[in-house]
>>> print(open('model_26.tsv').read())   # TSV, N, CA and C atoms
chain	number	residue	atom	x	y	z
Q	256	MET	N	0.84	-1.18	0.00
Q	256	MET	CA	0.00	0.00	0.00
Q	256	MET	C	0.88	1.24	0.00
Q	257	THR	N	0.37	2.26	-0.62
Q	257	THR	CA	1.14	3.49	-0.66
Q	257	THR	C	1.01	4.21	0.68
Q	258	LYS	N	1.95	5.09	0.93
Q	258	LYS	CA	1.95	5.85	2.18
Q	258	LYS	C	0.72	6.74	2.27
Q	259	TYR	N	0.31	7.33	1.14
Q	259	TYR	CA	-0.86	8.20	1.11
Q	259	TYR	C	-2.11	7.42	1.51
Q	260	PHE	N	-2.26	6.23	0.98
Q	260	PHE	CA	-3.44	5.41	1.29
Q	260	PHE	C	-3.46	5.03	2.77
Q	261	LYS	N	-2.30	4.66	3.32
Q	261	LYS	CA	-2.22	4.31	4.74
Q	261	LYS	C	-2.61	5.49	5.61
Q	262	ASN	N	-2.10	6.68	5.28
Q	262	ASN	CA	-2.42	7.87	6.06
Q	262	ASN	C	-3.91	8.21	5.96
Q	263	THR	N	-4.47	8.10	4.78
Q	263	THR	CA	-5.89	8.39	4.59
Q	263	THR	C	-6.75	7.39	5.37
Q	264	LEU	N	-6.37	6.14	5.34
Q	264	LEU	CA	-7.10	5.11	6.07
Q	264	LEU	C	-7.02	5.37	7.57
Q	265	LEU	N	-5.85	5.71	8.08
Q	265	LEU	CA	-5.68	5.98	9.50
Q	265	LEU	C	-6.53	7.17	9.93
Q	266	VAL	N	-6.48	8.25	9.17
Q	266	VAL	CA	-7.27	9.44	9.51
Q	266	VAL	C	-8.76	9.11	9.47
Q	267	SER	N	-9.20	8.34	8.48
Q	267	SER	CA	-10.61	7.98	8.37
Q	267	SER	C	-11.06	7.16	9.57
Q	268	ILE	N	-10.25	6.22	9.99
Q	268	ILE	CA	-10.61	5.38	11.15
Q	268	ILE	C	-10.68	6.22	12.41
Q	269	VAL	N	-9.72	7.13	12.59
Q	269	VAL	CA	-9.72	7.99	13.78
Q	269	VAL	C	-10.95	8.89	13.79
Q	270	VAL	N	-11.24	9.52	12.66
Q	270	VAL	CA	-12.39	10.43	12.59
Q	270	VAL	C	-13.69	9.68	12.83
Q	271	LEU	N	-13.86	8.52	12.21
Q	271	LEU	CA	-15.10	7.76	12.38
Q	271	LEU	C	-15.23	7.21	13.80
Q	272	THR	N	-14.12	6.95	14.45
Q	272	THR	CA	-14.16	6.48	15.82
Q	272	THR	C	-14.51	7.61	16.78
Q	273	LEU	N	-13.91	8.77	16.56
Q	273	LEU	CA	-14.14	9.89	17.46
Q	273	LEU	C	-15.48	10.57	17.23
Q	274	PHE	N	-15.99	10.51	16.01
Q	274	PHE	CA	-17.23	11.19	15.68
Q	274	PHE	C	-18.22	10.19	15.09
Q	275	PRO	N	-18.90	9.42	15.92
Q	275	PRO	CA	-19.83	8.41	15.40
Q	275	PRO	C	-21.00	9.02	14.64
Q	276	THR	N	-21.32	10.28	14.88
Q	276	THR	CA	-22.44	10.89	14.15
Q	276	THR	C	-22.12	10.99	12.66
Q	277	ILE	N	-20.83	11.08	12.32
Q	277	ILE	CA	-20.45	11.10	10.91
Q	277	ILE	C	-20.70	9.73	10.30
Q	278	ALA	N	-20.31	8.70	11.03
Q	278	ALA	CA	-20.43	7.34	10.51
Q	278	ALA	C	-21.88	6.96	10.26
Q	279	PHE	N	-22.77	7.41	11.12
Q	279	PHE	CA	-24.16	7.03	11.01
Q	279	PHE	C	-25.04	8.15	10.46
Q	280	ALA	N	-24.46	9.31	10.21
Q	280	ALA	CA	-25.19	10.49	9.71
Q	280	ALA	C	-26.39	10.78	10.60
Q	281	GLU	N	-26.19	10.62	11.88
Q	281	GLU	CA	-27.27	10.75	12.84
Q	281	GLU	C	-27.35	12.18	13.36
Q	282	GLY	N	-28.47	12.80	13.15
Q	282	GLY	CA	-28.68	14.12	13.72
Q	282	GLY	C	-27.97	15.24	13.00
Q	283	ILE	N	-27.36	14.98	11.86
Q	283	ILE	CA	-26.63	16.04	11.17
Q	283	ILE	C	-27.60	16.94	10.42
Q	284	LEU	N	-28.52	16.35	9.69
Q	284	LEU	CA	-29.49	17.14	8.93
Q	284	LEU	C	-30.81	17.21	9.69
Q	285	PRO	N	-31.49	18.34	9.59
Q	285	PRO	CA	-32.80	18.43	10.24
Q	285	PRO	C	-33.80	17.52	9.54
Q	286	PRO	N	-34.89	17.15	10.21
Q	286	PRO	CA	-35.87	16.24	9.61
Q	286	PRO	C	-36.45	16.75	8.30
Q	287	CYS	N	-36.49	18.05	8.11
Q	287	CYS	CA	-37.08	18.60	6.89
Q	287	CYS	C	-36.21	18.37	5.66
Q	288	ALA	N	-34.98	17.97	5.85
Q	288	ALA	CA	-34.08	17.76	4.71
Q	288	ALA	C	-34.34	16.44	3.99
Q	289	TYR	N	-35.06	15.56	4.63
Q	289	TYR	CA	-35.31	14.24	4.05
Q	289	TYR	C	-36.60	14.26	3.22
Q	290	GLU	N	-36.69	13.32	2.32
Q	290	GLU	CA	-37.88	13.21	1.47
Q	290	GLU	C	-39.10	12.91	2.35
Q	291	ASN	N	-40.20	13.54	2.02
Q	291	ASN	CA	-41.45	13.40	2.76
Q	291	ASN	C	-41.36	13.92	4.18
Q	292	GLY	N	-40.40	14.78	4.45
Q	292	GLY	CA	-40.27	15.37	5.77
Q	292	GLY	C	-41.09	16.64	5.87
Q	293	PRO	N	-41.18	17.21	7.06
Q	293	PRO	CA	-41.93	18.46	7.20
Q	293	PRO	C	-41.21	19.60	6.50
Q	294	ALA	N	-41.90	20.70	6.32
Q	294	ALA	CA	-41.31	21.87	5.66
Q	294	ALA	C	-40.22	22.48	6.53
Q	295	CYS	N	-39.18	23.01	5.90
Q	295	CYS	CA	-38.08	23.64	6.63
Q	295	CYS	C	-38.45	25.06	7.03
Q	296	HIS	N	-37.96	25.45	8.20
Q	296	HIS	CA	-38.20	26.79	8.72
Q	296	HIS	C	-36.86	27.38	9.16
Q	297	TYR	N	-36.91	28.62	9.61
Q	297	TYR	CA	-35.71	29.33	10.06
Q	297	TYR	C	-35.03	28.58	11.21
Q	298	GLU	N	-35.82	28.01	12.10
Q	298	GLU	CA	-35.25	27.29	13.25
Q	298	GLU	C	-34.40	26.09	12.79
Q	299	ASP	N	-34.82	25.45	11.70
Q	299	ASP	CA	-34.07	24.31	11.18
Q	299	ASP	C	-32.70	24.77	10.66
Q	300	LEU	N	-32.67	25.94	10.02
Q	300	LEU	CA	-31.40	26.49	9.54
Q	300	LEU	C	-30.48	26.80	10.71
Q	301	VAL	N	-31.03	27.36	11.77
Q	301	VAL	CA	-30.24	27.69	12.95
Q	301	VAL	C	-29.70	26.41	13.60
Q	302	LYS	N	-30.54	25.39	13.69
Q	302	LYS	CA	-30.09	24.11	14.27
Q	302	LYS	C	-28.97	23.50	13.43
Q	303	PHE	N	-29.13	23.53	12.11
Q	303	PHE	CA	-28.10	22.97	11.24
Q	303	PHE	C	-26.79	23.76	11.38
Q	304	ALA	N	-26.88	25.08	11.45
Q	304	ALA	CA	-25.68	25.90	11.62
Q	304	ALA	C	-24.98	25.58	12.93
Q	305	ASN	N	-25.75	25.38	13.99
Q	305	ASN	CA	-25.16	25.03	15.28
Q	305	ASN	C	-24.47	23.67	15.23
Q	306	ILE	N	-25.09	22.72	14.54
Q	306	ILE	CA	-24.48	21.39	14.40
Q	306	ILE	C	-23.19	21.48	13.61
Q	307	ALA	N	-23.18	22.26	12.53
Q	307	ALA	CA	-21.98	22.40	11.70
Q	307	ALA	C	-20.86	23.08	12.49
Q	308	ILE	N	-21.18	24.13	13.23
Q	308	ILE	CA	-20.18	24.83	14.03
Q	308	ILE	C	-19.63	23.91	15.11
Q	309	ASP	N	-20.50	23.16	15.75
Q	309	ASP	CA	-20.07	22.22	16.78
Q	309	ASP	C	-19.13	21.17	16.20
Q	310	PHE	N	-19.44	20.67	15.00
Q	310	PHE	CA	-18.57	19.70	14.35
Q	310	PHE	C	-17.19	20.29	14.06
Q	311	ILE	N	-17.14	21.51	13.55
Q	311	ILE	CA	-15.87	22.14	13.21
Q	311	ILE	C	-15.03	22.35	14.47
Q	312	ILE	N	-15.65	22.78	15.56
Q	312	ILE	CA	-14.93	22.98	16.81
Q	312	ILE	C	-14.38	21.65	17.33
Q	313	LYS	N	-15.19	20.60	17.29
Q	313	LYS	CA	-14.72	19.29	17.76
Q	313	LYS	C	-13.57	18.79	16.90
Q	314	LEU	N	-13.68	18.98	15.60
Q	314	LEU	CA	-12.59	18.56	14.72
Q	314	LEU	C	-11.32	19.34	15.01
Q	315	ALA	N	-11.45	20.64	15.25
Q	315	ALA	CA	-10.28	21.46	15.57
Q	315	ALA	C	-9.67	21.04	16.90
Q	316	LEU	N	-10.49	20.64	17.85
Q	316	LEU	CA	-9.98	20.20	19.15
Q	316	LEU	C	-9.22	18.88	19.05
Q	317	VAL	N	-9.49	18.12	18.01
Q	317	VAL	CA	-8.75	16.87	17.80
Q	317	VAL	C	-7.49	17.11	16.98
Q	318	VAL	N	-7.61	17.89	15.92
Q	318	VAL	CA	-6.49	18.09	14.99
Q	318	VAL	C	-5.40	18.99	15.59
Q	319	THR	N	-5.78	20.01	16.35
Q	319	THR	CA	-4.81	20.97	16.88
Q	319	THR	C	-3.75	20.32	17.78
Q	320	PRO	N	-4.12	19.55	18.79
Q	320	PRO	CA	-3.07	18.94	19.62
Q	320	PRO	C	-2.19	17.96	18.85
Q	321	ILE	N	-2.79	17.27	17.89
Q	321	ILE	CA	-1.99	16.33	17.08
Q	321	ILE	C	-0.99	17.11	16.25
Q	322	SER	N	-1.41	18.24	15.70
Q	322	SER	CA	-0.50	19.07	14.90
Q	322	SER	C	0.58	19.69	15.77
Q	323	PHE	N	0.22	20.14	16.98
Q	323	PHE	CA	1.23	20.67	17.90
Q	323	PHE	C	2.25	19.60	18.26
Q	324	ALA	N	1.78	18.38	18.51
Q	324	ALA	CA	2.69	17.28	18.85
Q	324	ALA	C	3.61	16.97	17.67
Q	325	TYR	N	3.07	16.98	16.46
Q	325	TYR	CA	3.87	16.73	15.27
Q	325	TYR	C	4.95	17.80	15.10
Q	326	ALA	N	4.56	19.06	15.29
Q	326	ALA	CA	5.53	20.15	15.17
Q	326	ALA	C	6.60	20.03	16.26
Q	327	GLY	N	6.19	19.69	17.47
Q	327	GLY	CA	7.16	19.51	18.54
Q	327	GLY	C	8.11	18.36	18.26
Q	328	PHE	N	7.59	17.29	17.68
Q	328	PHE	CA	8.43	16.15	17.32
Q	328	PHE	C	9.46	16.56	16.26
Q	329	ILE	N	9.03	17.34	15.28
Q	329	ILE	CA	9.96	17.80	14.24
Q	329	ILE	C	11.05	18.67	14.86
Q	330	ILE	N	10.67	19.56	15.77
Q	330	ILE	CA	11.66	20.43	16.42
Q	330	ILE	C	12.63	19.62	17.27
Q	331	LEU	N	12.10	18.67	18.03
Q	331	LEU	CA	12.96	17.86	18.90
Q	331	LEU	C	13.92	16.96	18.12
Q	332	THR	N	13.49	16.48	16.97
Q	332	THR	CA	14.33	15.57	16.19
Q	332	THR	C	15.10	16.29	15.08
Q	333	SER	N	15.11	17.62	15.12
Q	333	SER	CA	15.80	18.36	14.06
Q	333	SER	C	17.31	18.14	14.12
Q	334	GLY	N	17.84	17.90	15.29
Q	334	GLY	CA	19.27	17.63	15.42
Q	334	GLY	C	20.15	18.79	14.93
Q	335	GLY	N	19.69	20.00	15.10
Q	335	GLY	CA	20.47	21.16	14.67
Q	335	GLY	C	20.25	21.55	13.21
Q	336	ASP	N	19.43	20.80	12.49
Q	336	ASP	CA	19.14	21.12	11.10
Q	336	ASP	C	18.20	22.33	11.08
Q	337	GLU	N	18.71	23.44	10.55
Q	337	GLU	CA	17.94	24.68	10.53
Q	337	GLU	C	16.65	24.55	9.73
Q	338	GLY	N	16.65	23.78	8.66
Q	338	GLY	CA	15.46	23.61	7.83
Q	338	GLY	C	14.32	22.95	8.59
Q	339	LYS	N	14.65	21.85	9.32
Q	339	LYS	CA	13.63	21.16	10.10
Q	339	LYS	C	13.14	22.02	11.26
Q	340	LEU	N	14.07	22.74	11.88
Q	340	LEU	CA	13.70	23.61	12.99
Q	340	LEU	C	12.74	24.70	12.51
Q	341	LYS	N	13.05	25.28	11.36
Q	341	LYS	CA	12.19	26.32	10.79
Q	341	LYS	C	10.82	25.74	10.41
Q	342	LYS	N	10.82	24.53	9.84
Q	342	LYS	CA	9.57	23.89	9.46
Q	342	LYS	C	8.69	23.64	10.68
Q	343	GLY	N	9.28	23.15	11.77
Q	343	GLY	CA	8.53	22.90	13.01
Q	343	GLY	C	7.94	24.17	13.59
Q	344	LYS	N	8.73	25.24	13.59
Q	344	LYS	CA	8.24	26.52	14.10
Q	344	LYS	C	7.10	27.06	13.23
Q	345	GLU	N	7.23	26.91	11.92
Q	345	GLU	CA	6.17	27.37	11.02
Q	345	GLU	C	4.87	26.62	11.26
Q	346	ILE	N	4.98	25.32	11.49
Q	346	ILE	CA	3.79	24.52	11.77
Q	346	ILE	C	3.14	24.99	13.07
Q	347	LEU	N	3.96	25.22	14.10
Q	347	LEU	CA	3.43	25.69	15.38
Q	347	LEU	C	2.67	27.01	15.21
Q	348	VAL	N	3.27	27.94	14.50
Q	348	VAL	CA	2.65	29.26	14.31
Q	348	VAL	C	1.36	29.12	13.49
Q	349	LYS	N	1.40	28.37	12.40
Q	349	LYS	CA	0.21	28.23	11.54
Q	349	LYS	C	-0.93	27.53	12.27
Q	350	VAL	N	-0.62	26.50	13.04
Q	350	VAL	CA	-1.67	25.80	13.78
Q	350	VAL	C	-2.25	26.71	14.86
Q	351	GLY	N	-1.39	27.45	15.54
Q	351	GLY	CA	-1.87	28.39	16.57
Q	351	GLY	C	-2.78	29.45	15.98
Q	352	ILE	N	-2.36	30.02	14.85
Q	352	ILE	CA	-3.18	31.05	14.19
Q	352	ILE	C	-4.50	30.44	13.70
Q	353	GLY	N	-4.44	29.27	13.11
Q	353	GLY	CA	-5.64	28.62	12.62
Q	353	GLY	C	-6.63	28.32	13.74
Q	354	PHE	N	-6.13	27.83	14.86
Q	354	PHE	CA	-7.01	27.53	15.99
Q	354	PHE	C	-7.61	28.82	16.56
Q	355	ALA	N	-6.81	29.87	16.63
Q	355	ALA	CA	-7.32	31.16	17.12
Q	355	ALA	C	-8.40	31.70	16.19
Q	356	VAL	N	-8.22	31.55	14.88
Q	356	VAL	CA	-9.22	32.01	13.92
Q	356	VAL	C	-10.52	31.21	14.07
Q	357	ILE	N	-10.39	29.90	14.26
Q	357	ILE	CA	-11.59	29.07	14.44
Q	357	ILE	C	-12.34	29.48	15.70
Q	358	LEU	N	-11.62	29.69	16.80
Q	358	LEU	CA	-12.29	30.08	18.03
Q	358	LEU	C	-12.90	31.48	17.92
Q	359	ALA	N	-12.19	32.41	17.28
Q	359	ALA	CA	-12.74	33.75	17.09
Q	359	ALA	C	-13.99	33.70	16.21
Q	360	SER	N	-13.96	32.88	15.19
Q	360	SER	CA	-15.14	32.72	14.33
Q	360	SER	C	-16.31	32.15	15.12
Q	361	PHE	N	-16.01	31.17	15.96
Q	361	PHE	CA	-17.04	30.58	16.80
Q	361	PHE	C	-17.67	31.63	17.71
Q	362	LEU	N	-16.84	32.45	18.34
Q	362	LEU	CA	-17.37	33.50	19.22
Q	362	LEU	C	-18.21	34.51	18.45
Q	363	PHE	N	-17.74	34.91	17.28
Q	363	PHE	CA	-18.47	35.87	16.46
Q	363	PHE	C	-19.81	35.30	16.02
Q	364	ILE	N	-19.80	34.08	15.53
Q	364	ILE	CA	-21.04	33.46	15.05
Q	364	ILE	C	-22.00	33.22	16.21
Q	365	SER	N	-21.48	32.82	17.36
Q	365	SER	CA	-22.33	32.61	18.53
Q	365	SER	C	-22.98	33.92	18.95
Q	366	PHE	N	-22.21	35.00	18.91
Q	366	PHE	CA	-22.77	36.31	19.26
Q	366	PHE	C	-23.90	36.68	18.29
Q	367	ILE	N	-23.65	36.52	17.01
Q	367	ILE	CA	-24.66	36.87	16.01
Q	367	ILE	C	-25.90	35.98	16.17
Q	368	MET	N	-25.69	34.68	16.33
Q	368	MET	CA	-26.82	33.75	16.47
Q	368	MET	C	-27.63	34.06	17.72
Q	369	ASN	N	-26.95	34.33	18.83
Q	369	ASN	CA	-27.68	34.63	20.06
Q	369	ASN	C	-28.43	35.95	19.95
Q	370	THR	N	-27.87	36.88	19.23
Q	370	THR	CA	-28.54	38.16	19.06
Q	370	THR	C	-29.80	38.02	18.23
Q	371	PHE	N	-29.73	37.28	17.13
Q	371	PHE	CA	-30.88	37.17	16.23
Q	371	PHE	C	-31.88	36.09	16.62
Q	372	THR	N	-31.49	35.16	17.47
Q	372	THR	CA	-32.42	34.11	17.88
Q	372	THR	C	-32.97	34.34	19.27
Q	373	ASN	N	-32.49	35.37	19.95
Q	373	ASN	CA	-32.97	35.68	21.30
Q	373	ASN	C	-33.96	36.84	21.20
Q	374	PRO	N	-35.23	36.60	21.37
Q	374	PRO	CA	-36.23	37.67	21.20
Q	374	PRO	C	-36.02	38.84	22.16
Q	375	GLN	N	-35.56	38.57	23.38
Q	375	GLN	CA	-35.35	39.65	24.34
Q	375	GLN	C	-34.25	40.59	23.87
Q	376	ALA	N	-33.17	40.04	23.30
Q	376	ALA	CA	-32.07	40.87	22.82
Q	376	ALA	C	-32.52	41.73	21.65
Q	377	VAL	N	-33.29	41.16	20.75
Q	377	VAL	CA	-33.79	41.92	19.61
Q	377	VAL	C	-34.71	43.03	20.07
Q	378	GLN	N	-35.57	42.72	21.05
Q	378	GLN	CA	-36.49	43.72	21.57
Q	378	GLN	C	-35.74	44.88	22.23
Q	379	LYS	N	-34.66	44.58	22.97
Q	379	LYS	CA	-33.87	45.63	23.61
Q	379	LYS	C	-33.25	46.55	22.58
Q	380	VAL	N	-32.76	45.98	21.49
Q	380	VAL	CA	-32.16	46.79	20.43
Q	380	VAL	C	-33.22	47.68	19.80
Q	381	LEU	N	-34.40	47.13	19.57
Q	381	LEU	CA	-35.47	47.92	18.95
Q	381	LEU	C	-35.97	49.02	19.88
Q	382	GLU	N	-35.97	48.79	21.18
Q	382	GLU	CA	-36.43	49.79	22.13
Q	382	GLU	C	-35.48	50.97	22.23
Q	383	ARG	N	-34.21	50.78	21.94
Q	383	ARG	CA	-33.23	51.86	22.04
Q	383	ARG	C	-33.45	52.93	21.00
Q	384	LYS	N	-34.05	52.59	19.89
Q	384	LYS	CA	-34.21	53.56	18.79
Q	384	LYS	C	-35.29	54.53	19.05
>>> encode(input="model_26.tsv", output="structure tokens")
Amino acid sequence: MTKYFKNTLLVSIVVLTLFPTIAFAEGILPPCAYENGPACHYEDLVKFANIAIDFIIKLALVVTPISFAYAGFIILTSGGDEGKLKKGKEILVKVGIGFAVILASFLFISFIMNTFTNPQAVQKVLERK
């Protein structure tokens, strides 16, 4: 087997083990998405968005520590090789920035969703005008 196939198989097994909802497609789509299901409404869109955001955060929580460990391993085994040391540091910085962007996006989207789905918050904004 090729190295690419082995890596893809390993990642697939890990993802399917850690996230059984992917393997069974359970609860990912709202009931209205299926044939002969009820009509879709705004609440269904909000639920789907929350499920998608939750999935991305969970995936980031799994991938980030693995990437940090990989970068640390490269740095530790560089043996004074400047190229490997630079590569490890770049991975650390990119993973850190990526994780920070994902968390910032989560906070921003949560703020927007809570503002538009919370009737009391919308009413307070309308009363200020």
>>> atom_distance(input="model_26.tsv", atom1="atom C of Q:Leu316", atom2="atom CA of Q:Val350")
11.5 Å
>>> residues_around(input="model_26.tsv", residues="stretch 352-363 of chain Q", least_positions_apart="3", cutoff="10 Å", atoms="only C-alpha atoms", output="NGL selection string")
:Q and (305 or 308-309 or 311-312 or 315-316 or 318-319 or 346-349 or 366-369)
>>> write_last_selection(input="model_26.tsv", atoms="N, CA and C atoms", output="CSV table (one decimal), keeping the file's coordinate frame")
chain,number,residue,atom,x,y,z
Q,305,ASN,N,-25.8,25.4,14.0
Q,305,ASN,CA,-25.2,25.0,15.3
Q,305,ASN,C,-24.5,23.7,15.2
Q,308,ILE,N,-21.2,24.1,13.2
Q,308,ILE,CA,-20.2,24.8,14.0
Q,308,ILE,C,-19.6,23.9,15.1
Q,309,ASP,N,-20.5,23.2,15.8
Q,309,ASP,CA,-20.1,22.2,16.8
Q,309,ASP,C,-19.1,21.2,16.2
Q,311,ILE,N,-17.1,21.5,13.6
Q,311,ILE,CA,-15.9,22.1,13.2
Q,311,ILE,C,-15.0,22.4,14.5
Q,312,ILE,N,-15.6,22.8,15.6
Q,312,ILE,CA,-14.9,23.0,16.8
Q,312,ILE,C,-14.4,21.6,17.3
Q,315,ALA,N,-11.4,20.6,15.2
Q,315,ALA,CA,-10.3,21.5,15.6
Q,315,ALA,C,-9.7,21.0,16.9
Q,316,LEU,N,-10.5,20.6,17.8
Q,316,LEU,CA,-10.0,20.2,19.2
Q,316,LEU,C,-9.2,18.9,19.0
Q,318,VAL,N,-7.6,17.9,15.9
Q,318,VAL,CA,-6.5,18.1,15.0
Q,318,VAL,C,-5.4,19.0,15.6
Q,319,THR,N,-5.8,20.0,16.4
Q,319,THR,CA,-4.8,21.0,16.9
Q,319,THR,C,-3.8,20.3,17.8
Q,346,ILE,N,5.0,25.3,11.5
Q,346,ILE,CA,3.8,24.5,11.8
Q,346,ILE,C,3.1,25.0,13.1
Q,347,LEU,N,4.0,25.2,14.1
Q,347,LEU,CA,3.4,25.7,15.4
Q,347,LEU,C,2.7,27.0,15.2
Q,348,VAL,N,3.3,27.9,14.5
Q,348,VAL,CA,2.6,29.3,14.3
Q,348,VAL,C,1.4,29.1,13.5
Q,349,LYS,N,1.4,28.4,12.4
Q,349,LYS,CA,0.2,28.2,11.5
Q,349,LYS,C,-0.9,27.5,12.3
Q,366,PHE,N,-22.2,35.0,18.9
Q,366,PHE,CA,-22.8,36.3,19.3
Q,366,PHE,C,-23.9,36.7,18.3
Q,367,ILE,N,-23.6,36.5,17.0
Q,367,ILE,CA,-24.7,36.9,16.0
Q,367,ILE,C,-25.9,36.0,16.2
Q,368,MET,N,-25.7,34.7,16.3
Q,368,MET,CA,-26.8,33.8,16.5
Q,368,MET,C,-27.6,34.1,17.7
Q,369,ASN,N,-27.0,34.3,18.8
Q,369,ASN,CA,-27.7,34.6,20.1
Q,369,ASN,C,-28.4,36.0,20.0
>>> atom_distance(input="model_26.tsv", atom1="atom N of Q:Lys344", atom2="atom C of Q:Lys261")
24.1 Å
